[in-house]
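Asker: I am attaching a structure below and will ask some questions about it afterwards.
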2 protein chains.
Amino acid sequence: MTDLGVLDGVTVGVLGGTGAQGRGLALRWAKAGIPVVLGSRDAARAEVAAKELVDLLAEAGTPDAQVSGADNAATAAQATVVLAAIPWDGHAELLASLASELDGKVVIDCVNPIGFGKTGPFPLDVAEGSAAQQAQAVLPGSRVIGAFHNVSAVVLADLSQAEVDTDVLVVGEDRDDTNLVQALADVIPGVRGLFGGRLANAGQVEKLTANLIAVNRRYKTHAGIRITGHGL
Amino acid sequence: MTDLGVLDGVTVGVLGGTGAQGRGLALRWAKAGIPVVLGSRDAARAEVAAKELVDLLAEAGTPDAQVSGADNAATAAQATVVLAAIPWDGHAELLASLASELDGKVVIDCVNPIGFGKTGPFPLDVAEGSAAQQAQAVLPGSRVIGAFHNVSAVVLADLSQAEVDTDVLVVGEDRDDTNLVQALADVIPGVRGLFGGRLANAGQVEKLTANLIAVNRRYKTHAGIRITGHGL
C-alpha cells in the first residue's frame, strides 16, 4: 500500500470535470476527503456540477466534501495536481492553452484515444504514441503521468458500490510523481494503484479501454482490470 | 464458462514450441489432454523438447500426454489449430513461408512486439497495427486470433502452481473461432478466456505485456491480468 501522507495539502483540479470520467473520479476523491476543483470551459456549468456533487455526498453521509467549480484555467491555477479528463478531440489544444497554469505541476492524463466503428471500438493512431505523451509534448514544464484510463465511470458514479473493483496502472518517469498518483488511486476504496512502466508505455493502457468496452458489450458489464501475481 | 466440446478432435501445433511461451502453453494443454505438436526450425530439437514435456508430465502424474515434435512446416500441416509463439524478429517471414500449411486454419498469435531500452520495456511500432494483424495480412487464407499475450511463461512452466491466475483476452473476427480459443484458455486450470474485441484491438493487448514486465521488475512478481466486472 502506498503512503497516503503524500496527499497532505493536495488539491486536485479536474479538467473536463463535468464529463463522466472526471465527475466520477472527483466524486470519489471528494468522498475520501480530498479537496477537488471541477473545471469546465463554462465556469457556471462547473459550479452547478460541483454543487450537485456536494449535495450527493451529503446525502450519502459525507457532509463536509470540498468541491468547487471554475473554468479550466482557474481550475489549473488553483490545483496542486491536475487530472485531464477531457475529450480526445481537442486534447492537445486545450492543454497547450493551459501550459502556464500547469507549469511545474503533475498532470494526470486519463484520456483514451478510441474510435467507434460498425464493428465496435478501435484504437486511434496518435503521432506521439499516446495521449499522455502528447500531453507531455505540449506541456514541457509539467510532469505528465498516465493513470485512471480503465476505471468505469458508471461504477465511479454509483455510490451504492462502496468499493471499485479495479487496479489503476500508473505510468510515468518520476517515482515521487507515480507514488503520488498511486496514492490518489489507493484512497478510493477497492482501487489499487500500481506502477505500470515509463510514459512510453501509456498508449496500450489508454487503448486497452477499447477492449474493455468490447467486454462490456459482450458480457453486459462494466469492466475493470486487476493485475495478478504472487506478492501483489 | 465456454463449451469445451469445441476442442474435440483438436490438435494444437505450436510454432516456436521450444521457446518459453510456446513450451509453457504446450505443457498446460498436454496436461489437459489436448494433443500437441511442438514445432521448431530444427525437427530434432523439437523432438527432444517434446520428449522432455512428456517426461515432465509423467512425473507430475499425467502419463498419457500426447506431445510430439516436428519442424515448423510439418507442425503446421499436422495441427488443426496453430499457435504462433515465435520471435517478433522474423515473424512475418516465418508465417508467410507456412501460408499453404496454415490455409483454412485458425492461427493464434501470442507474439508481443516489445523492445528493451535503458529505462525498461517499450512497445514497438508495427505498420499493420499489431503482430496479429500482420499475421492476418501475410496469411489471407487463415483466420488469425490474438490471445495468450499476457500469460507468464514462468508460471506456465511451474507445475507446482496448479492454477494459473490470469484471464486471456481473445481478439478476433469470427465468434466460432474466438469461442474455440477461449476454450483453449479455459482448459488450463485458473485461466479464463474472455472475448476482448475485434482483431483491430490486438495491438494494445500485445503491448500491455511491456507494462506487465515493468510490474514484474518493480514488484518482483510474474504478473497476469484479470478482468473485473459484475457478472463476469
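Note on naming: chains are A, B, ... as they come in the C-alpha cells, residues start from 1 per chain, ligands start from 1 in the order shown.
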From range 10-112 of chain B, collect each residue whose DSSP state is strand (DSSP E or B) and return the set as a ChimeraX atom specification.
Answerer: /B:12-15,36-40,67-71,81-84,106-109
Asker: Go ahead and save the residues from that selection, with N, CA and C atoms, as an mmCIF file, in the first residue's frame.
Answerer:
data_model
loop_
_atom_site.group_PDB
_atom_site.id
_atom_site.type_symbol
_atom_site.label_atom_id
_atom_site.label_comp_id
_atom_site.auth_asym_id
_atom_site.auth_seq_id
_atom_site.Cartn_x
_atom_site.Cartn_y
_atom_site.Cartn_z
ATOM 1 N N VAL B 12 -3.280 -29.138 -31.368
ATOM 2 C CA VAL B 12 -2.658 -27.816 -31.431
ATOM 3 C C VAL B 12 -1.204 -27.949 -31.868
ATOM 4 N N GLY B 13 -0.836 -27.219 -32.880
ATOM 5 C CA GLY B 13 0.562 -27.098 -33.276
ATOM 6 C C GLY B 13 1.135 -25.811 -32.717
ATOM 7 N N VAL B 14 2.325 -25.877 -32.159
ATOM 8 C CA VAL B 14 2.934 -24.695 -31.548
ATOM 9 C C VAL B 14 4.193 -24.327 -32.319
ATOM 10 N N LEU B 15 4.081 -23.308 -33.164
ATOM 11 C CA LEU B 15 5.273 -22.791 -33.849
ATOM 12 C C LEU B 15 6.108 -22.046 -32.823
ATOM 13 N N VAL B 36 -0.629 -32.189 -28.708
ATOM 14 C CA VAL B 36 0.156 -31.015 -29.082
ATOM 15 C C VAL B 36 1.340 -31.450 -29.942
ATOM 16 N N VAL B 37 1.601 -30.692 -30.997
ATOM 17 C CA VAL B 37 2.821 -30.866 -31.778
ATOM 18 C C VAL B 37 3.692 -29.637 -31.557
ATOM 19 N N LEU B 38 4.894 -29.860 -31.034
ATOM 20 C CA LEU B 38 5.843 -28.761 -30.869
ATOM 21 C C LEU B 38 6.597 -28.551 -32.173
ATOM 22 N N GLY B 39 6.597 -27.331 -32.652
ATOM 23 C CA GLY B 39 7.332 -27.027 -33.868
ATOM 24 C C GLY B 39 8.580 -26.208 -33.598
ATOM 25 N N SER B 40 9.583 -26.428 -34.424
ATOM 26 C CA SER B 40 10.826 -25.661 -34.342
ATOM 27 C C SER B 40 11.423 -25.642 -35.733
ATOM 28 N N VAL B 67 2.431 -35.453 -26.809
ATOM 29 C CA VAL B 67 3.264 -34.359 -27.309
ATOM 30 C C VAL B 67 4.280 -34.943 -28.269
ATOM 31 N N SER B 68 4.312 -34.425 -29.474
ATOM 32 C CA SER B 68 5.336 -34.825 -30.443
ATOM 33 C C SER B 68 6.060 -33.577 -30.928
ATOM 34 N N GLY B 69 7.148 -33.785 -31.652
ATOM 35 C CA GLY B 69 7.922 -32.657 -32.172
ATOM 36 C C GLY B 69 8.134 -32.803 -33.664
ATOM 37 N N ALA B 70 8.232 -31.689 -34.349
ATOM 38 C CA ALA B 70 8.420 -31.705 -35.807
ATOM 39 C C ALA B 70 8.978 -30.355 -36.235
ATOM 40 N N ASP B 71 9.364 -30.241 -37.493
ATOM 41 C CA ASP B 71 9.751 -28.903 -37.951
ATOM 42 C C ASP B 71 8.489 -28.055 -38.095
ATOM 43 N N VAL B 81 -5.275 -26.542 -35.247
ATOM 44 C CA VAL B 81 -5.198 -25.163 -34.761
ATOM 45 C C VAL B 81 -3.729 -24.890 -34.464
ATOM 46 N N VAL B 82 -3.244 -23.713 -34.842
ATOM 47 C CA VAL B 82 -1.813 -23.448 -34.711
ATOM 48 C C VAL B 82 -1.586 -22.197 -33.867
ATOM 49 N N LEU B 83 -0.690 -22.313 -32.888
ATOM 50 C CA LEU B 83 -0.254 -21.155 -32.096
ATOM 51 C C LEU B 83 1.083 -20.665 -32.638
ATOM 52 N N ALA B 84 1.152 -19.391 -32.974
ATOM 53 C CA ALA B 84 2.427 -18.775 -33.349
ATOM 54 C C ALA B 84 3.039 -18.160 -32.105
ATOM 55 N N VAL B 106 -7.361 -21.906 -38.049
ATOM 56 C CA VAL B 106 -7.248 -20.854 -37.041
ATOM 57 C C VAL B 106 -5.786 -20.763 -36.613
ATOM 58 N N VAL B 107 -5.232 -19.568 -36.700
ATOM 59 C CA VAL B 107 -3.869 -19.311 -36.241
ATOM 60 C C VAL B 107 -3.956 -18.349 -35.057
ATOM 61 N N ILE B 108 -3.502 -18.803 -33.913
ATOM 62 C CA ILE B 108 -3.493 -17.967 -32.704
ATOM 63 C C ILE B 108 -2.137 -17.281 -32.627
ATOM 64 N N ASP B 109 -2.151 -15.959 -32.541
ATOM 65 C CA ASP B 109 -0.892 -15.218 -32.455
ATOM 66 C C ASP B 109 -0.763 -14.668 -31.038
#
Asker: Could the residues of chain B within 7 Å of chain A, counting only C-alpha atoms, be given as a list in words, please?
Answerer: Phe122, Pro123, Asp165, Thr166, Phe195, Gly196, Gly197, Ala200, Asn201, Gln204, Val205, Lys207, Leu208, Asn211, Leu212, Ala214, Val215, Thr221, His222, Ala223, Gly224, Ile225, Arg226, Ile227, Thr228, Gly229, His230 and Gly231 of chain B
Asker: Selection from above, C-alpha atoms, as a short mmCIF file (atom, residue, chain, number, x, y, z; two decimals), in the first residue's frame, can you write it?
Answerer:
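Wrote again.cif, looks like this:
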data_model
loop_
_atom_site.label_atom_id
_atom_site.label_comp_id
_atom_site.auth_asym_id
_atom_site.auth_seq_id
_atom_site.Cartn_x
_atom_site.Cartn_y
_atom_site.Cartn_z
CA PHE B 122 8.59 -0.27 -24.51
CA PRO B 123 6.15 -1.07 -27.36
CA ASP B 165 -4.16 -16.89 -12.05
CA THR B 166 -4.95 -14.92 -15.19
CA PHE B 195 -13.74 -12.12 -25.77
CA GLY B 196 -11.77 -8.86 -25.92
CA GLY B 197 -12.84 -7.24 -29.20
CA ALA B 200 -8.06 -4.27 -34.61
CA ASN B 201 -7.79 -4.34 -30.82
CA GLN B 204 -2.73 -2.93 -27.07
CA VAL B 205 -3.13 -6.42 -25.61
CA LYS B 207 1.90 -4.22 -25.88
CA LEU B 208 0.37 -4.45 -22.41
CA ASN B 211 3.56 -2.88 -18.67
CA LEU B 212 3.44 -6.31 -17.05
CA ALA B 214 7.54 -3.25 -15.68
CA VAL B 215 5.24 -4.56 -12.93
CA THR B 221 6.48 -10.94 -9.39
CA HIS B 222 5.18 -12.66 -12.54
CA ALA B 223 2.16 -10.59 -13.38
CA GLY B 224 -1.03 -11.55 -15.17
CA ILE B 225 -4.33 -9.77 -15.61
CA ARG B 226 -7.93 -10.29 -14.55
CA ILE B 227 -10.92 -8.52 -15.96
CA THR B 228 -13.33 -7.44 -13.22
CA GLY B 229 -16.99 -6.58 -13.58
CA HIS B 230 -20.38 -7.54 -12.25
CA GLY B 231 -21.48 -10.89 -13.67
#
Asker: Measuring between only C-alpha atoms, which one of B:Gly5, B:Arg45, B:Trp29, B:Trp88 shows the shortest distance to Gly115 in chain B?
Answerer: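 Of B:Gly5, B:Arg45, B:Trp29, B:Trp88, the one nearest Gly115 in chain B is B:Trp88, counting only C-alpha atoms.
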Asker: Could you give me, as a ChimeraX atom specification, the residues within 12 Å of Glu59 in chain B, counting only C-alpha atoms and dropping anything in the same chain fewer than 6 positions from it?
Answerer: /B:31,52-53,65,159-160
Asker: Nearest residue to Ala96 in chain A out of A:Gly117, A:Val10, A:Ser142, A:Pro63, using only C-alpha atoms?
Answerer: A:Ser142
Asker: Which of chain A end up as alpha helix (DSSP H) when DSSP is run on this backbone - answer as JSON, numbers by chain?
Answerer: {"A": [20, 21, 22, 23, 24, 25, 26, 27, 28, 29, 30, 31, 43, 44, 45, 46, 47, 48, 49, 50, 51, 52, 53, 54, 55, 56, 57, 58, 59, 72, 73, 74, 75, 76, 77, 78, 91, 92, 93, 94, 95, 96, 97, 99, 100, 101, 102, 131, 132, 133, 134, 135, 136, 137, 138, 153, 154, 155, 156, 157, 175, 176, 177, 178, 179, 180, 181, 182, 183, 184, 185, 186, 202, 203, 204, 205, 206, 207, 208, 209, 210, 211, 212, 213, 214, 215, 216, 217, 218, 219]}
Asker: Just give me the gap between CA of Ala77 in chain A and CA of Ser100 in chain A in Å, one decimal is fine.
Answerer: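 Between CA of Ala77 in chain A and CA of Ser100 in chain A the gap is 8.6 Å.
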Asker: Have a look at B:Glu128, B:Asp89, B:Glu163, B:Asp158 and name the one nearest to Asp186 in chain B; count only C-alpha atoms.
Answerer: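 Smallest distance to Asp186 in chain B is found for B:Glu163.
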